[in-house]
>>> print(open('structure08.cif').read())   # mmCIF, C-alpha atoms
data_start
loop_
_atom_site.group_PDB
_atom_site.id
_atom_site.type_symbol
_atom_site.label_atom_id
_atom_site.label_comp_id
_atom_site.auth_asym_id
_atom_site.auth_seq_id
_atom_site.Cartn_x
_atom_site.Cartn_y
_atom_site.Cartn_z
ATOM 1 C CA MET R 1 -66.202 -51.138 36.435
ATOM 2 C CA ASN R 2 -64.268 -54.245 37.448
ATOM 3 C CA SER R 3 -60.711 -52.949 37.857
ATOM 4 C CA GLU R 4 -59.388 -56.482 38.411
ATOM 5 C CA LYS R 5 -60.205 -57.804 34.927
ATOM 6 C CA ARG R 6 -59.544 -56.376 31.490
ATOM 7 C CA SER R 7 -61.290 -56.577 28.156
ATOM 8 C CA ILE R 8 -58.280 -56.650 25.847
ATOM 9 C CA ALA R 9 -58.155 -55.864 22.121
ATOM 10 C CA LEU R 10 -55.357 -57.865 20.497
ATOM 11 C CA GLY R 11 -53.566 -56.901 17.293
ATOM 12 C CA ALA R 12 -50.725 -55.039 15.641
ATOM 13 C CA PHE R 13 -53.082 -52.096 15.011
ATOM 14 C CA ASP R 14 -50.452 -50.530 12.760
ATOM 15 C CA GLY R 15 -53.030 -48.317 11.104
ATOM 16 C CA LEU R 16 -56.110 -48.228 13.333
ATOM 17 C CA HIS R 17 -58.058 -48.415 10.096
ATOM 18 C CA ARG R 18 -61.682 -49.360 9.572
ATOM 19 C CA GLY R 19 -60.863 -53.066 9.782
ATOM 20 C CA HIS R 20 -59.033 -52.653 13.082
ATOM 21 C CA ARG R 21 -61.943 -50.709 14.495
ATOM 22 C CA ALA R 22 -64.169 -53.751 14.254
ATOM 23 C CA VAL R 23 -61.875 -55.469 16.772
ATOM 24 C CA LEU R 24 -61.616 -52.392 18.969
ATOM 25 C CA GLU R 25 -65.383 -51.957 19.145
ATOM 26 C CA ARG R 26 -65.793 -55.529 20.406
ATOM 27 C CA ALA R 27 -63.239 -54.951 23.141
ATOM 28 C CA LEU R 28 -64.877 -51.678 24.153
ATOM 29 C CA ASP R 29 -68.274 -53.377 24.469
ATOM 30 C CA CYS R 30 -66.967 -54.766 27.723
ATOM 31 C CA GLY R 31 -69.587 -54.368 30.434
ATOM 32 C CA GLU R 32 -67.806 -54.046 33.772
ATOM 33 C CA TYR R 33 -64.362 -54.969 32.462
ATOM 34 C CA LEU R 34 -61.674 -52.308 32.094
ATOM 35 C CA PRO R 35 -61.010 -51.754 28.348
ATOM 36 C CA ALA R 36 -57.378 -52.257 27.300
ATOM 37 C CA ALA R 37 -55.447 -52.708 24.071
ATOM 38 C CA LEU R 38 -52.342 -54.809 23.481
ATOM 39 C CA THR R 39 -50.171 -53.950 20.516
ATOM 40 C CA PHE R 40 -46.570 -53.798 19.312
ATOM 41 C CA ALA R 41 -44.037 -50.992 19.083
ATOM 42 C CA ALA R 42 -43.384 -52.090 15.489
ATOM 43 C CA SER R 43 -45.445 -54.426 13.342
ATOM 44 C CA PRO R 44 -44.323 -58.085 13.628
ATOM 45 C CA SER R 45 -44.540 -58.179 9.815
ATOM 46 C CA GLY R 46 -41.644 -55.734 9.590
ATOM 47 C CA GLU R 47 -43.677 -53.418 7.364
ATOM 48 C CA PRO R 48 -43.731 -49.671 8.078
ATOM 49 C CA SER R 49 -46.642 -48.354 10.094
ATOM 50 C CA LEU R 50 -49.442 -46.077 8.955
ATOM 51 C CA LEU R 51 -49.114 -43.931 12.056
ATOM 52 C CA THR R 52 -46.531 -43.329 14.743
ATOM 53 C CA GLY R 53 -46.624 -45.170 18.052
ATOM 54 C CA GLU R 54 -47.426 -41.918 19.838
ATOM 55 C CA ASP R 55 -50.402 -41.267 17.568
ATOM 56 C CA ARG R 56 -51.643 -44.836 17.873
ATOM 57 C CA GLU R 57 -51.734 -44.642 21.664
ATOM 58 C CA ALA R 58 -53.431 -41.245 21.552
ATOM 59 C CA LEU R 59 -56.126 -42.543 19.180
ATOM 60 C CA LEU R 60 -56.667 -45.679 21.274
ATOM 61 C CA ARG R 61 -57.127 -43.620 24.406
ATOM 62 C CA ARG R 62 -59.485 -41.271 22.577
ATOM 63 C CA ALA R 63 -61.525 -44.299 21.543
ATOM 64 C CA GLY R 64 -61.989 -45.221 25.199
ATOM 65 C CA PHE R 65 -59.169 -47.607 26.093
ATOM 66 C CA ARG R 66 -58.077 -46.979 29.650
ATOM 67 C CA GLU R 67 -54.842 -48.944 29.323
ATOM 68 C CA VAL R 68 -52.541 -49.510 26.323
ATOM 69 C CA TYR R 69 -49.820 -52.168 26.484
ATOM 70 C CA THR R 70 -47.082 -51.852 23.874
ATOM 71 C CA LEU R 71 -44.709 -54.797 23.395
ATOM 72 C CA ARG R 72 -41.477 -55.172 21.496
ATOM 73 C CA PHE R 73 -42.007 -58.167 19.238
ATOM 74 C CA GLU R 74 -38.426 -59.357 19.860
ATOM 75 C CA ASP R 75 -39.224 -59.749 23.564
ATOM 76 C CA VAL R 76 -42.089 -62.207 23.076
ATOM 77 C CA ARG R 77 -41.623 -63.892 19.682
ATOM 78 C CA ASP R 78 -40.098 -67.064 21.167
ATOM 79 C CA ILE R 79 -42.737 -67.595 23.860
ATOM 80 C CA PRO R 80 -45.065 -70.567 23.148
ATOM 81 C CA ALA R 81 -48.653 -69.525 22.467
ATOM 82 C CA GLU R 82 -50.153 -71.239 25.506
ATOM 83 C CA THR R 83 -47.466 -69.810 27.788
ATOM 84 C CA PHE R 84 -48.091 -66.314 26.428
ATOM 85 C CA PHE R 85 -51.799 -66.723 27.056
ATOM 86 C CA ARG R 86 -51.318 -68.004 30.602
ATOM 87 C CA ASP R 87 -48.455 -65.791 31.788
ATOM 88 C CA TYR R 88 -49.174 -62.571 29.922
ATOM 89 C CA LEU R 89 -52.806 -62.321 28.857
ATOM 90 C CA LEU R 90 -54.243 -63.908 32.001
ATOM 91 C CA GLY R 91 -51.411 -63.291 34.438
ATOM 92 C CA ARG R 92 -49.684 -59.988 33.775
ATOM 93 C CA TRP R 93 -52.681 -58.136 32.311
ATOM 94 C CA GLN R 94 -55.526 -59.895 34.109
ATOM 95 C CA GLY R 95 -57.523 -60.452 30.950
ATOM 96 C CA GLY R 96 -61.060 -61.714 31.403
ATOM 97 C CA ARG R 97 -62.296 -60.926 27.917
ATOM 98 C CA PHE R 98 -60.472 -60.830 24.577
ATOM 99 C CA ALA R 99 -61.188 -59.574 21.060
ATOM 100 C CA CYS R 100 -59.148 -60.154 17.900
ATOM 101 C CA GLY R 101 -59.502 -60.426 14.137
ATOM 102 C CA GLU R 102 -59.873 -63.664 12.209
ATOM 103 C CA ASP R 103 -56.237 -63.515 11.064
ATOM 104 C CA PHE R 104 -54.729 -62.835 14.508
ATOM 105 C CA ARG R 105 -51.600 -64.877 15.287
ATOM 106 C CA PHE R 106 -49.589 -65.136 18.482
ATOM 107 C CA GLY R 107 -46.867 -67.192 20.128
ATOM 108 C CA ARG R 108 -43.646 -68.761 18.879
ATOM 109 C CA SER R 109 -43.517 -69.097 15.085
ATOM 110 C CA ALA R 110 -47.052 -67.633 15.003
ATOM 111 C CA GLU R 111 -48.332 -71.029 16.166
ATOM 112 C CA GLY R 112 -51.409 -69.581 17.844
ATOM 113 C CA ASP R 113 -54.450 -68.380 15.922
ATOM 114 C CA ALA R 114 -57.950 -67.186 16.716
ATOM 115 C CA GLY R 115 -59.159 -70.778 17.007
ATOM 116 C CA LEU R 116 -56.548 -71.657 19.629
ATOM 117 C CA LEU R 117 -57.222 -68.430 21.516
ATOM 118 C CA GLN R 118 -60.917 -69.248 21.603
ATOM 119 C CA ALA R 119 -60.191 -72.722 23.000
ATOM 120 C CA LEU R 120 -57.812 -71.334 25.632
ATOM 121 C CA CYS R 121 -60.386 -68.727 26.666
ATOM 122 C CA LYS R 122 -63.071 -71.368 27.003
ATOM 123 C CA ALA R 123 -60.838 -73.532 29.192
ATOM 124 C CA ALA R 124 -59.926 -70.544 31.381
ATOM 125 C CA GLY R 125 -63.475 -69.240 31.681
ATOM 126 C CA ALA R 126 -62.657 -66.065 29.768
ATOM 127 C CA GLU R 127 -64.914 -64.389 27.225
ATOM 128 C CA PHE R 128 -63.872 -64.240 23.590
ATOM 129 C CA GLN R 129 -64.950 -62.237 20.535
ATOM 130 C CA VAL R 130 -63.589 -62.494 16.995
ATOM 131 C CA ALA R 131 -64.271 -59.759 14.442
ATOM 132 C CA PRO R 132 -64.827 -60.802 10.807
ATOM 133 C CA PRO R 133 -62.956 -58.867 8.106
ATOM 134 C CA VAL R 134 -64.323 -55.502 7.045
ATOM 135 C CA THR R 135 -64.557 -55.324 3.254
ATOM 136 C CA ASP R 136 -65.370 -52.964 0.423
ATOM 137 C CA ASP R 137 -65.868 -53.546 -3.294
ATOM 138 C CA ALA R 138 -62.142 -54.286 -3.744
ATOM 139 C CA GLY R 139 -61.889 -56.807 -0.891
ATOM 140 C CA LYS R 140 -60.632 -56.824 2.671
ATOM 141 C CA ILE R 141 -59.616 -53.513 4.220
ATOM 142 C CA SER R 142 -56.047 -54.077 5.367
ATOM 143 C CA SER R 143 -52.875 -52.235 6.274
ATOM 144 C CA THR R 144 -51.257 -53.698 3.160
ATOM 145 C CA ARG R 145 -53.821 -52.096 0.859
ATOM 146 C CA ILE R 146 -53.501 -48.771 2.619
ATOM 147 C CA ARG R 147 -49.686 -48.824 2.517
ATOM 148 C CA GLN R 148 -49.820 -49.516 -1.203
ATOM 149 C CA ALA R 149 -52.160 -46.560 -1.668
ATOM 150 C CA VAL R 150 -49.899 -44.257 0.375
ATOM 151 C CA GLU R 151 -46.817 -45.357 -1.546
ATOM 152 C CA ALA R 152 -48.654 -44.696 -4.829
ATOM 153 C CA GLY R 153 -49.800 -41.253 -3.695
ATOM 154 C CA ASP R 154 -53.438 -42.374 -3.788
ATOM 155 C CA MET R 155 -54.505 -40.504 -0.678
ATOM 156 C CA GLU R 156 -58.195 -40.574 -1.523
ATOM 157 C CA THR R 157 -58.168 -44.383 -1.275
ATOM 158 C CA ALA R 158 -55.854 -44.443 1.751
ATOM 159 C CA ASN R 159 -58.005 -41.952 3.651
ATOM 160 C CA ARG R 160 -61.238 -43.754 2.803
ATOM 161 C CA LEU R 161 -59.872 -47.066 4.084
ATOM 162 C CA LEU R 162 -58.314 -45.485 7.165
ATOM 163 C CA GLY R 163 -61.464 -43.577 8.051
ATOM 164 C CA ARG R 164 -59.337 -40.458 8.627
ATOM 165 C CA PRO R 165 -56.723 -38.540 6.619
ATOM 166 C CA PHE R 166 -53.221 -40.025 6.557
ATOM 167 C CA GLY R 167 -50.739 -37.746 8.221
ATOM 168 C CA PHE R 168 -48.172 -37.072 10.896
ATOM 169 C CA ALA R 169 -46.991 -34.403 13.319
ATOM 170 C CA GLY R 170 -43.537 -32.998 13.868
ATOM 171 C CA GLU R 171 -41.520 -30.038 14.997
ATOM 172 C CA VAL R 172 -41.046 -27.219 12.510
ATOM 173 C CA ILE R 173 -37.337 -26.911 11.803
ATOM 174 C CA HIS R 174 -35.212 -24.378 9.962
ATOM 175 C CA GLY R 175 -34.555 -25.012 6.280
ATOM 176 C CA ASN R 176 -32.626 -22.995 3.728
ATOM 177 C CA HIS R 177 -35.329 -20.275 3.692
ATOM 178 C CA LEU R 178 -35.642 -20.542 -0.083
ATOM 179 C CA GLY R 179 -39.424 -20.385 0.148
ATOM 180 C CA THR R 180 -39.247 -17.081 2.004
ATOM 181 C CA GLY R 181 -37.273 -15.599 -0.857
ATOM 182 C CA LEU R 182 -39.866 -16.881 -3.311
ATOM 183 C CA GLY R 183 -42.736 -15.392 -1.310
ATOM 184 C CA THR R 184 -43.930 -18.895 -0.372
ATOM 185 C CA PRO R 185 -42.409 -19.527 3.078
ATOM 186 C CA THR R 186 -42.611 -23.178 4.077
ATOM 187 C CA LEU R 187 -42.829 -25.154 7.294
ATOM 188 C CA ASN R 188 -40.048 -27.730 7.226
ATOM 189 C CA GLN R 189 -40.449 -31.041 9.046
ATOM 190 C CA ALA R 190 -38.520 -34.303 9.014
ATOM 191 C CA TYR R 191 -40.681 -37.093 7.580
ATOM 192 C CA PRO R 192 -41.050 -39.806 10.289
ATOM 193 C CA LYS R 193 -38.684 -42.697 9.536
ATOM 194 C CA ALA R 194 -40.982 -45.490 10.750
ATOM 195 C CA LEU R 195 -43.963 -44.228 8.747
ATOM 196 C CA ALA R 196 -45.089 -45.707 5.422
ATOM 197 C CA ALA R 197 -43.307 -43.729 2.718
ATOM 198 C CA ALA R 198 -45.645 -41.397 0.858
ATOM 199 C CA LYS R 199 -44.833 -41.015 -2.831
ATOM 200 C CA PHE R 200 -42.444 -38.128 -3.403
ATOM 201 C CA GLY R 201 -44.311 -35.152 -4.734
ATOM 202 C CA VAL R 202 -46.709 -32.326 -3.973
ATOM 203 C CA TYR R 203 -49.938 -32.825 -2.024
ATOM 204 C CA ALA R 204 -52.943 -30.836 -0.973
ATOM 205 C CA ALA R 205 -53.042 -30.813 2.801
ATOM 206 C CA TRP R 206 -54.795 -29.613 5.885
ATOM 207 C CA CYS R 207 -52.417 -28.404 8.586
ATOM 208 C CA ARG R 208 -53.321 -28.296 12.265
ATOM 209 C CA THR R 209 -51.185 -25.701 14.014
ATOM 210 C CA PRO R 210 -51.248 -24.125 17.487
ATOM 211 C CA MET R 211 -52.769 -21.139 15.665
ATOM 212 C CA GLY R 212 -55.597 -23.040 13.975
ATOM 213 C CA ASP R 213 -56.255 -25.145 10.883
ATOM 214 C CA TRP R 214 -55.032 -24.036 7.445
ATOM 215 C CA TYR R 215 -55.043 -25.569 4.007
ATOM 216 C CA GLY R 216 -51.626 -25.954 2.464
ATOM 217 C CA VAL R 217 -49.351 -27.303 -0.243
ATOM 218 C CA THR R 218 -47.009 -30.003 1.054
ATOM 219 C CA ASN R 219 -43.960 -31.269 -0.822
ATOM 220 C CA ILE R 220 -42.578 -34.584 0.379
ATOM 221 C CA GLY R 221 -39.173 -35.575 -0.904
ATOM 222 C CA VAL R 222 -35.579 -34.429 -1.252
ATOM 223 C CA LYS R 223 -36.032 -31.056 -3.025
ATOM 224 C CA PRO R 224 -34.455 -31.900 -6.401
ATOM 225 C CA THR R 225 -34.225 -28.273 -7.500
ATOM 226 C CA VAL R 226 -31.989 -27.245 -4.589
ATOM 227 C CA GLY R 227 -31.083 -30.593 -3.024
ATOM 228 C CA SER R 228 -31.552 -32.214 0.396
ATOM 229 C CA ASP R 229 -29.817 -35.094 2.181
ATOM 230 C CA ARG R 230 -32.972 -36.375 3.910
ATOM 231 C CA VAL R 231 -36.677 -36.744 3.317
ATOM 232 C CA LEU R 232 -38.536 -33.606 4.315
ATOM 233 C CA ALA R 233 -42.101 -32.394 4.350
ATOM 234 C CA GLU R 234 -42.254 -28.731 3.287
ATOM 235 C CA THR R 235 -45.616 -27.021 3.584
ATOM 236 C CA TRP R 236 -46.702 -23.596 2.412
ATOM 237 C CA LEU R 237 -49.819 -22.198 4.068
ATOM 238 C CA PRO R 238 -51.199 -19.463 1.779
ATOM 239 C CA GLY R 239 -52.381 -16.503 3.794
ATOM 240 C CA PHE R 240 -50.784 -17.655 7.028
ATOM 241 C CA SER R 241 -48.631 -15.262 9.029
ATOM 242 C CA GLY R 242 -46.854 -16.333 12.181
ATOM 243 C CA ASP R 243 -43.752 -17.948 13.638
ATOM 244 C CA LEU R 244 -44.039 -21.730 14.034
ATOM 245 C CA TYR R 245 -40.353 -22.622 14.420
ATOM 246 C CA GLY R 246 -39.942 -25.117 17.227
ATOM 247 C CA LYS R 247 -43.698 -25.773 17.336
ATOM 248 C CA ARG R 248 -45.437 -29.033 16.451
ATOM 249 C CA VAL R 249 -47.662 -28.994 13.393
ATOM 250 C CA ARG R 250 -49.802 -31.857 12.105
ATOM 251 C CA ILE R 251 -50.102 -32.479 8.387
ATOM 252 C CA PHE R 252 -53.107 -34.301 6.885
ATOM 253 C CA LEU R 253 -52.502 -35.347 3.264
ATOM 254 C CA LEU R 254 -55.641 -35.050 1.111
ATOM 255 C CA GLY R 255 -54.569 -35.765 -2.452
ATOM 256 C CA PHE R 256 -51.602 -35.978 -4.785
ATOM 257 C CA ILE R 257 -51.079 -32.984 -7.104
ATOM 258 C CA ARG R 258 -47.889 -33.787 -9.020
ATOM 259 C CA PRO R 259 -44.605 -35.711 -8.787
ATOM 260 C CA GLU R 260 -41.517 -34.053 -7.374
ATOM 261 C CA ARG R 261 -39.318 -32.724 -10.134
ATOM 262 C CA LYS R 262 -36.413 -30.389 -10.832
ATOM 263 C CA PHE R 263 -37.237 -26.960 -12.280
ATOM 264 C CA PRO R 264 -34.987 -24.995 -14.651
ATOM 265 C CA SER R 265 -35.152 -21.863 -12.501
ATOM 266 C CA LEU R 266 -36.480 -20.580 -9.192
ATOM 267 C CA ASP R 267 -38.996 -18.425 -11.086
ATOM 268 C CA ALA R 268 -40.406 -21.545 -12.733
ATOM 269 C CA LEU R 269 -40.568 -23.239 -9.341
ATOM 270 C CA ARG R 270 -42.452 -20.282 -7.842
ATOM 271 C CA ALA R 271 -44.976 -20.215 -10.696
ATOM 272 C CA GLU R 272 -45.670 -23.917 -10.206
ATOM 273 C CA ILE R 273 -46.077 -23.518 -6.437
ATOM 274 C CA LEU R 274 -48.666 -20.781 -6.951
ATOM 275 C CA GLN R 275 -50.597 -22.985 -9.339
ATOM 276 C CA ASN R 276 -50.381 -25.897 -6.917
ATOM 277 C CA ALA R 277 -51.775 -23.671 -4.166
ATOM 278 C CA GLU R 278 -54.951 -23.134 -6.183
ATOM 279 C CA GLN R 279 -55.252 -26.886 -6.718
ATOM 280 C CA ALA R 280 -54.743 -27.487 -3.004
ATOM 281 C CA ARG R 281 -57.364 -24.882 -2.078
ATOM 282 C CA ALA R 282 -59.933 -26.594 -4.291
ATOM 283 C CA MET R 283 -59.118 -30.019 -2.885
ATOM 284 C CA ALA R 284 -59.278 -28.789 0.720
ATOM 285 C CA ALA R 285 -62.741 -27.377 -0.041
ATOM 286 C CA ARG R 286 -63.814 -30.833 -1.257
ATOM 287 C CA TYR R 287 -62.377 -32.543 1.819
ATOM 288 C CA PRO R 288 -62.949 -30.262 4.828
ATOM 289 C CA LEU R 289 -61.690 -31.640 8.135
ATOM 290 C CA ALA R 290 -65.327 -31.936 9.205
ATOM 291 C CA THR R 291 -65.516 -34.851 6.729
ATOM 292 C CA TRP R 292 -63.915 -37.033 9.411
ATOM 293 C CA PRO R 293 -64.916 -37.593 13.050
ATOM 294 C CA GLU R 294 -63.134 -35.086 15.264
ATOM 295 C CA GLN R 295 -61.938 -37.866 17.578
ATOM 296 C CA GLU R 296 -59.894 -39.218 14.653
ATOM 297 C CA LEU R 297 -58.148 -35.878 14.083
ATOM 298 C CA LEU R 298 -55.327 -35.450 16.552
ATOM 299 C CA GLY R 299 -53.914 -32.035 17.326
ATOM 300 C CA PRO R 300 -50.342 -30.893 16.920
#
>>> encode(input="structure08.cif", output="structure tokens")
Amino acid sequence: MNSEKRSIALGAFDGLHRGHRAVLERALDCGEYLPAALTFAASPSGEPSLLTGEDREALLRRAGFREVYTLRFEDVRDIPAETFFRDYLLGRWQGGRFACGEDFRFGRSAEGDAGLLQALCKAAGAEFQVAPPVTDDAGKISSTRIRQAVEAGDMETANRLLGRPFGFAGEVIHGNHLGTGLGTPTLNQAYPKALAAAKFGVYAAWCRTPMGDWYGVTNIGVKPTVGSDRVLAETWLPGFSGDLYGKRVRIFLLGFIRPERKFPSLDALRAEILQNAEQARAMAARYPLATWPEQELLGP
């Protein structure tokens, strides 16, 4: 492998969805070049991401990228496109081969596009690959479509377009222990602030814990029955016994069960949770984790 030159995938990669993978695969088909990916800490569009920066880097490295460069958009947004190509892509990162999507933009005021990048590569003697859009019956697979699905609670669509279940990992924190009193003890986690906001409500989930994988019932929201001052993910794992406080647990959301709502009593809340657990069990059976490639399923 030529350690002096890189084959660099270029993009925001804010979801690493099926469309993004078409770009990544072209960069990985790199011969003797060292495969690398260049992305941003936050999407230049300002939209929330579909995965955390930590998860994105982990998935890129799992895919085979030896180096991952993460930029802050504010640090490079005023650099002219040709200067960015010369000083950064060729100079700093020693790019000898580049891959991007048809809608890739770069440089000050987004003045550079795939056509300009191709011309600059040709003049510099660098290789260039552009990936056409990946589509389904509804059109182009994009982060925008997936965000809309997540925000609507349509996890079946979001997961199909992502090519893996939407989710996140976080430390299990102490709550008010209401679930323990109800006989449905929950794992409490802060919902990641930079992540696309899942519709408030109850979901069927798979949970990856240090003690194995379990199906669960996850409520995302502000607990209207008892109140909360922040967005939490609360997950009950039927049949699970163990102490996970302070541990990291990963939640994979499979499907929306019902909206979040206030119950007239704790007994009514408990009855609903038990019913939701049966719904979650059935949905987890329809969508076992083996449905997705293991390399797409990060651990806690």
>>> residues_around(input="structure08.cif", residues="segment 186-195 of chain R", least_positions_apart="4", cutoff="7 Å", atoms="all atoms listed in the file", output="list in words")
Pro48, Ser49, Leu50, Leu51, Thr52, Gly170, Glu171, Val172, Ile173, His174, Gly175, Gly179, Val231, Leu232, Ala233, Glu234, Thr235 and Trp236 of chain R
>>> residues_around(input="structure08.cif", residues="Val23 of chain R", least_positions_apart="3", cutoff="10 Å", atoms="only C-alpha atoms", output="compact mmCIF listing (two decimals) with C-alpha atoms, in the frame of the given file")
# COMPACT_ATOMS: atom_id res chain seq x y z
CA ILE R 8 -58.28 -56.65 25.85
CA ALA R 9 -58.16 -55.86 22.12
CA LEU R 10 -55.36 -57.86 20.50
CA GLY R 11 -53.57 -56.90 17.29
CA PHE R 13 -53.08 -52.10 15.01
CA LEU R 16 -56.11 -48.23 13.33
CA ARG R 18 -61.68 -49.36 9.57
CA GLY R 19 -60.86 -53.07 9.78
CA HIS R 20 -59.03 -52.65 13.08
CA ARG R 26 -65.79 -55.53 20.41
CA ALA R 27 -63.24 -54.95 23.14
CA LEU R 28 -64.88 -51.68 24.15
CA PHE R 98 -60.47 -60.83 24.58
CA ALA R 99 -61.19 -59.57 21.06
CA CYS R 100 -59.15 -60.15 17.90
CA GLY R 101 -59.50 -60.43 14.14
CA GLU R 102 -59.87 -63.66 12.21
CA GLN R 129 -64.95 -62.24 20.54
CA VAL R 130 -63.59 -62.49 17.00
CA ALA R 131 -64.27 -59.76 14.44
CA PRO R 132 -64.83 -60.80 10.81
CA PRO R 133 -62.96 -58.87 8.11
>>> atom_distance(input="structure08.cif", atom1="atom CA of Val249 of chain R", atom2="atom CA of Arg281 of chain R")
18.7 Å
>>> resolve_selection(input="structure08.cif", expression="the PyMOL selection byres ((chain R and resi 211-223) around 9)", output="count of residues only")
49
>>> resolve_selection(input="structure08.cif", expression="the PyMOL selection byres ((chain R and resi 117-123) around 12)", output="PyMOL selection string")
chain R and resi 10+81-86+89-90+95-107+111-116+124-130
>>> write_last_selection(input="structure08.cif", atoms="C-alpha atoms", output="PDB file, in the frame of the given file")
ATOM      1  CA  LEU R  10     -55.357 -57.865  20.497  1.00  0.00           C
ATOM      2  CA  ALA R  81     -48.653 -69.525  22.467  1.00  0.00           C
ATOM      3  CA  GLU R  82     -50.153 -71.239  25.506  1.00  0.00           C
ATOM      4  CA  THR R  83     -47.466 -69.810  27.788  1.00  0.00           C
ATOM      5  CA  PHE R  84     -48.091 -66.314  26.428  1.00  0.00           C
ATOM      6  CA  PHE R  85     -51.799 -66.723  27.056  1.00  0.00           C
ATOM      7  CA  ARG R  86     -51.318 -68.004  30.602  1.00  0.00           C
ATOM      8  CA  LEU R  89     -52.806 -62.321  28.857  1.00  0.00           C
ATOM      9  CA  LEU R  90     -54.243 -63.908  32.001  1.00  0.00           C
ATOM     10  CA  GLY R  95     -57.523 -60.452  30.950  1.00  0.00           C
ATOM     11  CA  GLY R  96     -61.060 -61.714  31.403  1.00  0.00           C
ATOM     12  CA  ARG R  97     -62.296 -60.926  27.917  1.00  0.00           C
ATOM     13  CA  PHE R  98     -60.472 -60.830  24.577  1.00  0.00           C
ATOM     14  CA  ALA R  99     -61.188 -59.574  21.060  1.00  0.00           C
ATOM     15  CA  CYS R 100     -59.148 -60.154  17.900  1.00  0.00           C
ATOM     16  CA  GLY R 101     -59.502 -60.426  14.137  1.00  0.00           C
ATOM     17  CA  GLU R 102     -59.873 -63.664  12.209  1.00  0.00           C
ATOM     18  CA  ASP R 103     -56.237 -63.515  11.064  1.00  0.00           C
ATOM     19  CA  PHE R 104     -54.729 -62.835  14.508  1.00  0.00           C
ATOM     20  CA  ARG R 105     -51.600 -64.877  15.287  1.00  0.00           C
ATOM     21  CA  PHE R 106     -49.589 -65.136  18.482  1.00  0.00           C
ATOM     22  CA  GLY R 107     -46.867 -67.192  20.128  1.00  0.00           C
ATOM     23  CA  GLU R 111     -48.332 -71.029  16.166  1.00  0.00           C
ATOM     24  CA  GLY R 112     -51.409 -69.581  17.844  1.00  0.00           C
ATOM     25  CA  ASP R 113     -54.450 -68.380  15.922  1.00  0.00           C
ATOM     26  CA  ALA R 114     -57.950 -67.186  16.716  1.00  0.00           C
ATOM     27  CA  GLY R 115     -59.159 -70.778  17.007  1.00  0.00           C
ATOM     28  CA  LEU R 116     -56.548 -71.657  19.629  1.00  0.00           C
ATOM     29  CA  ALA R 124     -59.926 -70.544  31.381  1.00  0.00           C
ATOM     30  CA  GLY R 125     -63.475 -69.240  31.681  1.00  0.00           C
ATOM     31  CA  ALA R 126     -62.657 -66.065  29.768  1.00  0.00           C
ATOM     32  CA  GLU R 127     -64.914 -64.389  27.225  1.00  0.00           C
ATOM     33  CA  PHE R 128     -63.872 -64.240  23.590  1.00  0.00           C
ATOM     34  CA  GLN R 129     -64.950 -62.237  20.535  1.00  0.00           C
ATOM     35  CA  VAL R 130     -63.589 -62.494  16.995  1.00  0.00           C
TER      36      VAL R 130
END
>>> residues_around(input="structure08.cif", residues="segment 56-73 of chain R", least_positions_apart="2", cutoff="6 Å", atoms="all atoms listed in the file", output="ChimeraX atom specification")
/R:35-41,53-54,75-77
>>> atom_distance(input="structure08.cif", atom1="atom CA of Ala271 of chain R", atom2="atom CA of Ser241 of chain R")
20.7 Å
>>> residues_around(input="structure08.cif", residues="Trp93 of chain R", least_positions_apart="4", cutoff="8 Å", atoms="only C-alpha atoms", output="list in words")
Lys5, Arg6, Tyr88 and Leu89 of chain R
>>> atom_distance(input="structure08.cif", atom1="atom CA of Arg250 of chain R", atom2="atom CA of Glu272 of chain R")
24.0 Å
>>> resolve_selection(input="structure08.cif", expression="the PyMOL selection byres ((chain R and resi 144-157) around 6)", output="MDAnalysis selection string")
chainID R and resid 142:143 158:160 197:199 254:256
>>> closest_residue(input="structure08.cif", among="R:Gly246, R:Leu269, R:Pro44, R:Val134", to="Ser109 of chain R", atoms="all atoms listed in the file")
R:Pro44
>>> axis_aligned_box(input="structure08.cif", around="segment 112-131 of chain R", padding_each_side="6 Å", output="lines of an AutoDock Vina configuration file")
center_x = -58.2
center_y = -66.6
center_z = 23.1
size_x = 25.5
size_y = 25.8
size_z = 29.2
>>> closest_residue(input="structure08.cif", among="R:Ile79, R:Pro264, R:Trp292, R:Ala12", to="Ser45 of chain R", atoms="all atoms listed in the file")
R:Ala12
>>> closest_residue(input="structure08.cif", among="R:Pro300, R:Ala196, R:Ser7, R:Arg286", to="Phe166 of chain R", atoms="all atoms listed in the file")
R:Ala196
>>> build_atoms(input="structure08.cif", residues="segment 244-249 of chain R", atoms="N, CA and C atoms", output="mmCIF file, in the coordinates of the input")
data_model
loop_
_atom_site.group_PDB
_atom_site.id
_atom_site.type_symbol
_atom_site.label_atom_id
_atom_site.label_comp_id
_atom_site.auth_asym_id
_atom_site.auth_seq_id
_atom_site.Cartn_x
_atom_site.Cartn_y
_atom_site.Cartn_z
ATOM 1 N N LEU R 244 -43.778 -20.385 13.537
ATOM 2 C CA LEU R 244 -44.039 -21.730 14.034
ATOM 3 C C LEU R 244 -42.755 -22.522 14.274
ATOM 4 N N TYR R 245 -41.603 -21.902 14.181
ATOM 5 C CA TYR R 245 -40.353 -22.622 14.420
ATOM 6 C C TYR R 245 -40.338 -23.187 15.843
ATOM 7 N N GLY R 246 -39.981 -24.450 15.931
ATOM 8 C CA GLY R 246 -39.942 -25.117 17.227
ATOM 9 C C GLY R 246 -41.285 -25.629 17.697
ATOM 10 N N LYS R 247 -42.358 -25.305 16.975
ATOM 11 C CA LYS R 247 -43.698 -25.773 17.336
ATOM 12 C C LYS R 247 -44.014 -27.064 16.585
ATOM 13 N N ARG R 248 -44.956 -27.825 17.140
ATOM 14 C CA ARG R 248 -45.437 -29.033 16.451
ATOM 15 C C ARG R 248 -46.619 -28.674 15.561
ATOM 16 N N VAL R 249 -46.585 -29.195 14.357
ATOM 17 C CA VAL R 249 -47.662 -28.994 13.393
ATOM 18 C C VAL R 249 -48.040 -30.358 12.839
#
